[in-house]
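**Q** There's a structure below that I have some questions on.
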Amino acid sequence: MNAPRTRVQRRPVHGVLLLDKPLGLSSNQALQKAKWLLRAEKAGHTGTLDPLATGVLPLCFGAATKFSQLHLDADKRYETTVRLGRTTTTSDAEGEITSEQPVACTPGQVVEVLDRFIGPISQVPPMHSALKKDGKALYEYAREGVTVEREARAVLIHDLELLDMDLAGPEPFLRLAVHCSKGTYIRTLGADIGAALGCGGHLTALRRTATGPFQAAQCLSLQALEALDEPQRLAALLPTEALVAGHVPVTLDDDDAGRFLSGMRRRGGWADAEAVAVFGGMPASRPGAAARTSAALAPRAFLGTAHARGGELIPGRLLSPVEIQQTLLQTRSSSSKTSEEALTP
């Protein structure tokens, strides 16, 4: 007889986990595993990585999910290996081989072709992608053996560096570092480079090394997360405001913070700015002198985003007072536990 399943007691968790996604897991599978380890009530990610890909996958929990869209638009960096002389149905190693051709290009031709792909380029999204057509993902059509028409999309390749290559061996390849805009399909880029070289190609490895300001060196693996105890897992989270690190910071006093959180515009001497990160003291939850003292001692709390125009601060995405209070409690709890462990002989 099977043992009864243990029900996980969910809890409010707020912040960002920089996960080093392992090979073979989908982004959602990795998200659900991390969500289970943190016992989090609410979670989301900032854009998918293929199961074939590894690397930087920021996961958002609680209040941080309100700002995950910001990193869908972030530039990305990848390292990838393109196997030359062979094409597949999916433009990666998981697909069926569709053609094989000899590799007759020279190193000079490789450099010339790579230069052609730097800057604005057009890509036709692959059939094996999550892009939707008439409400249905392209990969669903592909699984049914149906190919649908896709419009080319403009993307930007900021830099394309040749890290290594072998044009004469039994498994000819290029290893590339790519810095690109959002929406770039690296599988398509690899296939297009192979086609331009006259021999075809497909991806055999793909690693995202950065998304926006987040780097692979900052990431934690699922195995490392699992090895931590619960307070350590919470301490591994970046604060929600890490998602708005590029915004102009504005700090409000306690009175203005309370009004801002209720959705009211605030007037001040702020210069016009489209992206503002707003901070302030946590509004008191209890009346009287004790509450005023508590609010004065509270750390600066992230309240949400705004834009400034004509000397007015106009609210955008806001945290709720409950989310702010939970975040402060979470920070104090994990900091207290870390301090206790440092003092334990």
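Every chain in the structure tokens takes a letter, A first, then B, and so on in the order presented; its residues are numbered from 1, and the ligands are numbered from 1 following the presented order.
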Based on the backbone DSSP call, show me all residues of segment 71-176 of chain A assigned helix (DSSP H, G or I), as a ChimeraX atom specification.
**A** /A:71-72,107-116,138-143
**Q** Write out as a ChimeraX atom specification the residues lying within 12 Å of segment 224-230 of chain A, counting only C-alpha atoms and excluding same-chain residues fewer than 3 positions away.
**A** /A:11,13,17-22,30,33-40,219-221,233-237,330,333-334,337-338,341
**Q** Could you take the residues named above and write them with N, CA and C atoms, as a PDB file, in the first residue's frame?
**A**
ATOM      1  N   ARG A  11       3.012  29.088   1.994  1.00  0.00           N
ATOM      2  CA  ARG A  11       3.154  30.304   2.786  1.00  0.00           C
ATOM      3  C   ARG A  11       3.501  31.459   1.838  1.00  0.00           C
ATOM      4  N   VAL A  13       5.755  33.953   0.196  1.00  0.00           N
ATOM      5  CA  VAL A  13       7.187  34.133  -0.019  1.00  0.00           C
ATOM      6  C   VAL A  13       7.347  35.212  -1.072  1.00  0.00           C
ATOM      7  N   LEU A  17      14.532  34.333  -7.056  1.00  0.00           N
ATOM      8  CA  LEU A  17      15.549  33.290  -6.989  1.00  0.00           C
ATOM      9  C   LEU A  17      16.233  33.217  -8.347  1.00  0.00           C
ATOM     10  N   LEU A  18      17.543  33.413  -8.367  1.00  0.00           N
ATOM     11  CA  LEU A  18      18.306  33.249  -9.598  1.00  0.00           C
ATOM     12  C   LEU A  18      18.711  31.785  -9.700  1.00  0.00           C
ATOM     13  N   LEU A  19      17.985  31.066 -10.539  1.00  0.00           N
ATOM     14  CA  LEU A  19      18.182  29.624 -10.670  1.00  0.00           C
ATOM     15  C   LEU A  19      19.074  29.312 -11.863  1.00  0.00           C
ATOM     16  N   ASP A  20      20.006  28.381 -11.670  1.00  0.00           N
ATOM     17  CA  ASP A  20      20.770  27.819 -12.777  1.00  0.00           C
ATOM     18  C   ASP A  20      19.982  26.598 -13.256  1.00  0.00           C
ATOM     19  N   LYS A  21      19.172  26.806 -14.289  1.00  0.00           N
ATOM     20  CA  LYS A  21      18.285  25.726 -14.739  1.00  0.00           C
ATOM     21  C   LYS A  21      19.093  24.550 -15.262  1.00  0.00           C
ATOM     22  N   PRO A  22      18.745  23.341 -14.814  1.00  0.00           N
ATOM     23  CA  PRO A  22      19.500  22.176 -15.275  1.00  0.00           C
ATOM     24  C   PRO A  22      19.050  21.713 -16.660  1.00  0.00           C
ATOM     25  N   ALA A  30      11.192  23.362 -13.558  1.00  0.00           N
ATOM     26  CA  ALA A  30      12.165  23.935 -12.623  1.00  0.00           C
ATOM     27  C   ALA A  30      11.476  24.885 -11.652  1.00  0.00           C
ATOM     28  N   LYS A  33       9.498  22.923  -8.992  1.00  0.00           N
ATOM     29  CA  LYS A  33      10.390  22.301  -8.012  1.00  0.00           C
ATOM     30  C   LYS A  33      10.853  23.337  -6.984  1.00  0.00           C
ATOM     31  N   ALA A  34      11.265  24.517  -7.462  1.00  0.00           N
ATOM     32  CA  ALA A  34      11.711  25.576  -6.550  1.00  0.00           C
ATOM     33  C   ALA A  34      10.554  26.070  -5.688  1.00  0.00           C
ATOM     34  N   LYS A  35       9.379  26.177  -6.284  1.00  0.00           N
ATOM     35  CA  LYS A  35       8.199  26.616  -5.542  1.00  0.00           C
ATOM     36  C   LYS A  35       7.892  25.638  -4.412  1.00  0.00           C
ATOM     37  N   TRP A  36       8.039  24.355  -4.681  1.00  0.00           N
ATOM     38  CA  TRP A  36       7.776  23.326  -3.664  1.00  0.00           C
ATOM     39  C   TRP A  36       8.819  23.415  -2.546  1.00  0.00           C
ATOM     40  N   LEU A  37      10.097  23.604  -2.913  1.00  0.00           N
ATOM     41  CA  LEU A  37      11.153  23.682  -1.903  1.00  0.00           C
ATOM     42  C   LEU A  37      10.980  24.893  -0.992  1.00  0.00           C
ATOM     43  N   LEU A  38      10.465  25.990  -1.546  1.00  0.00           N
ATOM     44  CA  LEU A  38      10.255  27.204  -0.751  1.00  0.00           C
ATOM     45  C   LEU A  38       8.877  27.244  -0.092  1.00  0.00           C
ATOM     46  N   ARG A  39       8.025  26.299  -0.441  1.00  0.00           N
ATOM     47  CA  ARG A  39       6.634  26.247   0.047  1.00  0.00           C
ATOM     48  C   ARG A  39       5.897  27.555  -0.274  1.00  0.00           C
ATOM     49  N   ALA A  40       6.181  28.095  -1.450  1.00  0.00           N
ATOM     50  CA  ALA A  40       5.644  29.400  -1.827  1.00  0.00           C
ATOM     51  C   ALA A  40       4.219  29.285  -2.363  1.00  0.00           C
ATOM     52  N   CYS A 219      23.823  32.535  -9.706  1.00  0.00           N
ATOM     53  CA  CYS A 219      22.722  31.560  -9.671  1.00  0.00           C
ATOM     54  C   CYS A 219      22.985  30.391  -8.729  1.00  0.00           C
ATOM     55  N   LEU A 220      21.891  29.767  -8.347  1.00  0.00           N
ATOM     56  CA  LEU A 220      21.906  28.616  -7.450  1.00  0.00           C
ATOM     57  C   LEU A 220      21.259  27.445  -8.183  1.00  0.00           C
ATOM     58  N   SER A 221      21.830  26.268  -8.063  1.00  0.00           N
ATOM     59  CA  SER A 221      21.230  25.088  -8.678  1.00  0.00           C
ATOM     60  C   SER A 221      20.100  24.561  -7.796  1.00  0.00           C
ATOM     61  N   ARG A 233      17.069  29.013   2.549  1.00  0.00           N
ATOM     62  CA  ARG A 233      16.418  29.142   1.235  1.00  0.00           C
ATOM     63  C   ARG A 233      15.809  30.531   1.086  1.00  0.00           C
ATOM     64  N   LEU A 234      15.172  31.029   2.133  1.00  0.00           N
ATOM     65  CA  LEU A 234      14.609  32.379   2.080  1.00  0.00           C
ATOM     66  C   LEU A 234      15.716  33.423   1.933  1.00  0.00           C
ATOM     67  N   ALA A 235      16.825  33.193   2.637  1.00  0.00           N
ATOM     68  CA  ALA A 235      17.947  34.139   2.577  1.00  0.00           C
ATOM     69  C   ALA A 235      18.599  34.155   1.200  1.00  0.00           C
ATOM     70  N   ALA A 236      18.406  33.080   0.412  1.00  0.00           N
ATOM     71  CA  ALA A 236      18.988  33.007  -0.930  1.00  0.00           C
ATOM     72  C   ALA A 236      18.231  33.869  -1.941  1.00  0.00           C
ATOM     73  N   LEU A 237      17.040  34.326  -1.561  1.00  0.00           N
ATOM     74  CA  LEU A 237      16.241  35.138  -2.475  1.00  0.00           C
ATOM     75  C   LEU A 237      16.758  36.576  -2.531  1.00  0.00           C
ATOM     76  N   GLN A 330       9.810  38.579   6.532  1.00  0.00           N
ATOM     77  CA  GLN A 330      10.638  37.541   5.909  1.00  0.00           C
ATOM     78  C   GLN A 330      12.114  37.911   5.986  1.00  0.00           C
ATOM     79  N   SER A 333      13.320  37.647   9.596  1.00  0.00           N
ATOM     80  CA  SER A 333      13.397  36.247  10.014  1.00  0.00           C
ATOM     81  C   SER A 333      14.652  35.576   9.474  1.00  0.00           C
ATOM     82  N   SER A 334      14.920  35.758   8.174  1.00  0.00           N
ATOM     83  CA  SER A 334      16.095  35.110   7.582  1.00  0.00           C
ATOM     84  C   SER A 334      17.387  35.742   8.092  1.00  0.00           C
ATOM     85  N   LYS A 337      18.029  34.423  11.682  1.00  0.00           N
ATOM     86  CA  LYS A 337      18.516  33.049  11.666  1.00  0.00           C
ATOM     87  C   LYS A 337      19.985  32.998  11.247  1.00  0.00           C
ATOM     88  N   THR A 338      20.335  33.822  10.219  1.00  0.00           N
ATOM     89  CA  THR A 338      21.712  33.846   9.747  1.00  0.00           C
ATOM     90  C   THR A 338      22.651  34.354  10.843  1.00  0.00           C
ATOM     91  N   GLU A 341      23.226  31.617  13.457  1.00  0.00           N
ATOM     92  CA  GLU A 341      24.133  30.578  12.992  1.00  0.00           C
ATOM     93  C   GLU A 341      25.587  31.077  13.042  1.00  0.00           C
TER      94      GLU A 341
END
**Q** Just the number, please: distance in Å from atom CA of Leu49 of chain A to atom CA of Ala306 of chain A, one decimal.
**A**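 Taking atom CA of Leu49 of chain A and atom CA of Ala306 of chain A, their separation equals 29.7 Å.
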**Q** Fewer than 6 positions away in the same chain doesn't count, so skip those; otherwise give me all residues within 10 Å of Thr327 of chain A, counting only C-alpha atoms, as a PyMOL selection string.
**A** chain A and resi 12-15+62-63+239-240+301-302+321+333
**Q** Mind dumping the selected residues with N, CA and C atoms as an mmCIF file, in the first residue's frame?
**A**
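Okay, out_28.cif is ready:
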data_model
loop_
_atom_site.group_PDB
_atom_site.id
_atom_site.type_symbol
_atom_site.label_atom_id
_atom_site.label_comp_id
_atom_site.auth_asym_id
_atom_site.auth_seq_id
_atom_site.Cartn_x
_atom_site.Cartn_y
_atom_site.Cartn_z
ATOM 1 N N PRO A 12 3.281 32.696 2.262
ATOM 2 C CA PRO A 12 3.683 33.826 1.420
ATOM 3 C C PRO A 12 5.196 33.961 1.383
ATOM 4 N N VAL A 13 5.755 33.953 0.196
ATOM 5 C CA VAL A 13 7.187 34.133 -0.019
ATOM 6 C C VAL A 13 7.347 35.212 -1.072
ATOM 7 N N HIS A 14 8.246 36.167 -0.830
ATOM 8 C CA HIS A 14 8.431 37.282 -1.753
ATOM 9 C C HIS A 14 9.903 37.422 -2.106
ATOM 10 N N GLY A 15 10.189 37.586 -3.391
ATOM 11 C CA GLY A 15 11.572 37.798 -3.815
ATOM 12 C C GLY A 15 11.877 37.091 -5.124
ATOM 13 N N GLY A 62 5.701 35.617 -5.057
ATOM 14 C CA GLY A 62 4.857 36.598 -4.378
ATOM 15 C C GLY A 62 4.818 37.928 -5.092
ATOM 16 N N ALA A 63 5.156 38.998 -4.369
ATOM 17 C CA ALA A 63 5.094 40.358 -4.916
ATOM 18 C C ALA A 63 5.976 40.524 -6.148
ATOM 19 N N PRO A 239 15.777 40.540 -3.070
ATOM 20 C CA PRO A 239 14.537 41.276 -2.811
ATOM 21 C C PRO A 239 13.820 41.606 -4.114
ATOM 22 N N THR A 240 12.524 41.835 -4.006
ATOM 23 C CA THR A 240 11.709 42.148 -5.185
ATOM 24 C C THR A 240 12.289 43.310 -5.983
ATOM 25 N N ALA A 301 11.254 50.405 2.739
ATOM 26 C CA ALA A 301 10.524 49.336 2.062
ATOM 27 C C ALA A 301 10.289 49.712 0.607
ATOM 28 N N PHE A 302 10.352 48.727 -0.266
ATOM 29 C CA PHE A 302 10.019 48.925 -1.672
ATOM 30 C C PHE A 302 8.498 48.958 -1.790
ATOM 31 N N PRO A 321 0.020 46.760 1.209
ATOM 32 C CA PRO A 321 0.596 46.853 2.560
ATOM 33 C C PRO A 321 0.888 45.482 3.162
ATOM 34 N N SER A 333 13.320 37.647 9.596
ATOM 35 C CA SER A 333 13.397 36.247 10.014
ATOM 36 C C SER A 333 14.652 35.576 9.474
#
**Q** Considering only C-alpha atoms, give me a table of residues in segment 86-165 of chain A that are at most 8 Å from segment 199-218 of chain A, with the closest atom pair and distance in Å for each, as a tab-separated table.
**A**
residue	atom	partner	partner_atom	distance
A:Arg86	CA	A:Gly201	CA	5.0
A:Thr87	CA	A:Gly201	CA	5.1
A:Thr88	CA	A:His202	CA	6.6
A:Ser91	CA	A:His202	CA	4.7
A:Asp92	CA	A:Leu203	CA	4.4
A:Ala93	CA	A:Thr204	CA	5.2
A:Glu100	CA	A:Gly200	CA	7.7
A:Gln101	CA	A:Cys199	CA	5.4
A:Pro102	CA	A:Cys199	CA	6.2
A:Val103	CA	A:Cys199	CA	5.5
A:Ala104	CA	A:Cys199	CA	7.6
**Q** Let me see the file: selected residues, C-alpha atoms, as a compact mmCIF listing (two decimals), in the first residue's frame.
**A**
# COMPACT_ATOMS: atom_id res chain seq x y z
CA ARG A 86 23.73 18.57 -40.30
CA THR A 87 20.21 20.00 -40.03
CA THR A 88 17.34 18.72 -37.91
CA SER A 91 17.25 23.02 -35.27
CA ASP A 92 18.65 21.33 -32.15
CA ALA A 93 19.88 17.89 -31.12
CA GLU A 100 23.81 16.14 -44.05
CA GLN A 101 26.35 18.07 -46.09
CA PRO A 102 30.14 18.35 -46.11
CA VAL A 103 31.70 21.32 -44.34
CA ALA A 104 33.87 23.10 -46.88
**Q** Can you tell me how far atom CA of Gln32 of chain A sits from atom CA of Leu222 of chain A, in Å to one decimal?
**A**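 Result for atom CA of Gln32 of chain A versus atom CA of Leu222 of chain A: 11.0 Å, one decimal.
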**Q** List as a list in words the protein and nucleic acid residues near segment 161-168 of chain A, meaning an atom at most 7 Å away when only C-alpha atoms are counted, but skip any in the same chain fewer than 3 places from it.
**A**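 Listed by chain and then number, they are Val103, Pro172, Phe173, Leu174, Arg175, Leu176, Ala177 and Val178 of chain A.
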**Q** Let me see the file: selected residues, N, CA and C atoms, as an mmCIF file, in the first residue's frame.
**A**
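Below is the file that was written, selection_21.cif:
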data_model
loop_
_atom_site.group_PDB
_atom_site.id
_atom_site.type_symbol
_atom_site.label_atom_id
_atom_site.label_comp_id
_atom_site.auth_asym_id
_atom_site.auth_seq_id
_atom_site.Cartn_x
_atom_site.Cartn_y
_atom_site.Cartn_z
ATOM 1 N N VAL A 103 31.319 19.985 -44.790
ATOM 2 C CA VAL A 103 31.695 21.325 -44.335
ATOM 3 C C VAL A 103 32.942 21.737 -45.098
ATOM 4 N N PRO A 172 32.266 18.636 -36.871
ATOM 5 C CA PRO A 172 32.625 20.052 -37.013
ATOM 6 C C PRO A 172 31.656 20.954 -36.259
ATOM 7 N N PHE A 173 32.202 22.004 -35.645
ATOM 8 C CA PHE A 173 31.346 22.846 -34.804
ATOM 9 C C PHE A 173 31.883 24.262 -34.723
ATOM 10 N N LEU A 174 31.004 25.163 -34.297
ATOM 11 C CA LEU A 174 31.351 26.511 -33.879
ATOM 12 C C LEU A 174 30.852 26.682 -32.460
ATOM 13 N N ARG A 175 31.663 27.283 -31.590
ATOM 14 C CA ARG A 175 31.183 27.648 -30.253
ATOM 15 C C ARG A 175 31.144 29.165 -30.191
ATOM 16 N N LEU A 176 29.961 29.687 -29.862
ATOM 17 C CA LEU A 176 29.708 31.117 -29.973
ATOM 18 C C LEU A 176 29.220 31.711 -28.666
ATOM 19 N N ALA A 177 29.552 32.986 -28.447
ATOM 20 C CA ALA A 177 28.959 33.781 -27.377
ATOM 21 C C ALA A 177 28.066 34.821 -28.046
ATOM 22 N N VAL A 178 26.804 34.877 -27.608
ATOM 23 C CA VAL A 178 25.809 35.734 -28.248
ATOM 24 C C VAL A 178 25.247 36.719 -27.225
#
**Q** Using only C-alpha atoms, which residue out of A:Gly269, A:Gly246, A:Gly304, A:Pro126 lies closest to Ala191 of chain A?
**A**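 Of all the options, A:Pro126 lies closest to Ala191 of chain A.
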**Q** For the interface of segment 304-328 of chain A with segment 262-268 of chain A (cut-off 9 Å, counting only C-alpha atoms), please tabulate each contacting residue of segment 304-328 of chain A alongside its nearest pair of atoms and their separation in Å to one decimal, rows sorted by chain and increasing number, as JSON lines.
**A**
{"residue": "A:Gly310", "atom": "CA", "partner": "A:Arg267", "partner_atom": "CA", "distance": 8.8}
{"residue": "A:Gly311", "atom": "CA", "partner": "A:Gly268", "partner_atom": "CA", "distance": 5.4}
{"residue": "A:Glu312", "atom": "CA", "partner": "A:Arg267", "partner_atom": "CA", "distance": 4.5}
{"residue": "A:Leu313", "atom": "CA", "partner": "A:Arg266", "partner_atom": "CA", "distance": 5.1}
{"residue": "A:Ile314", "atom": "CA", "partner": "A:Arg265", "partner_atom": "CA", "distance": 5.0}
{"residue": "A:Pro315", "atom": "CA", "partner": "A:Gly263", "partner_atom": "CA", "distance": 6.0}
{"residue": "A:Gly316", "atom": "CA", "partner": "A:Gly263", "partner_atom": "CA", "distance": 8.4}
{"residue": "A:Leu318", "atom": "CA", "partner": "A:Gly263", "partner_atom": "CA", "distance": 8.2}
{"residue": "A:Ser320", "atom": "CA", "partner": "A:Ser262", "partner_atom": "CA", "distance": 8.9}
**Q** Nearest residue to Arg259 of chain A out of A:Glu94, A:Leu303, A:Thr106, A:Asp272, using only C-alpha atoms?
**A**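 Ranking A:Glu94, A:Leu303, A:Thr106, A:Asp272 by distance to Arg259 of chain A, first place goes to A:Leu303.
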**Q** Between atom CA of Gln123 of chain A and atom CA of Arg187 of chain A, measure the distance and give it in Å to one decimal.
**A** 10.5 Å
**Q** Which of these, A:Phe61, A:Phe260, A:Tyr185, A:Tyr141, has the shortest distance to Arg317 of chain A once you count only C-alpha atoms?
**A**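 Looking only at the distances to Arg317 of chain A, the closest residue turns out to be A:Phe260.
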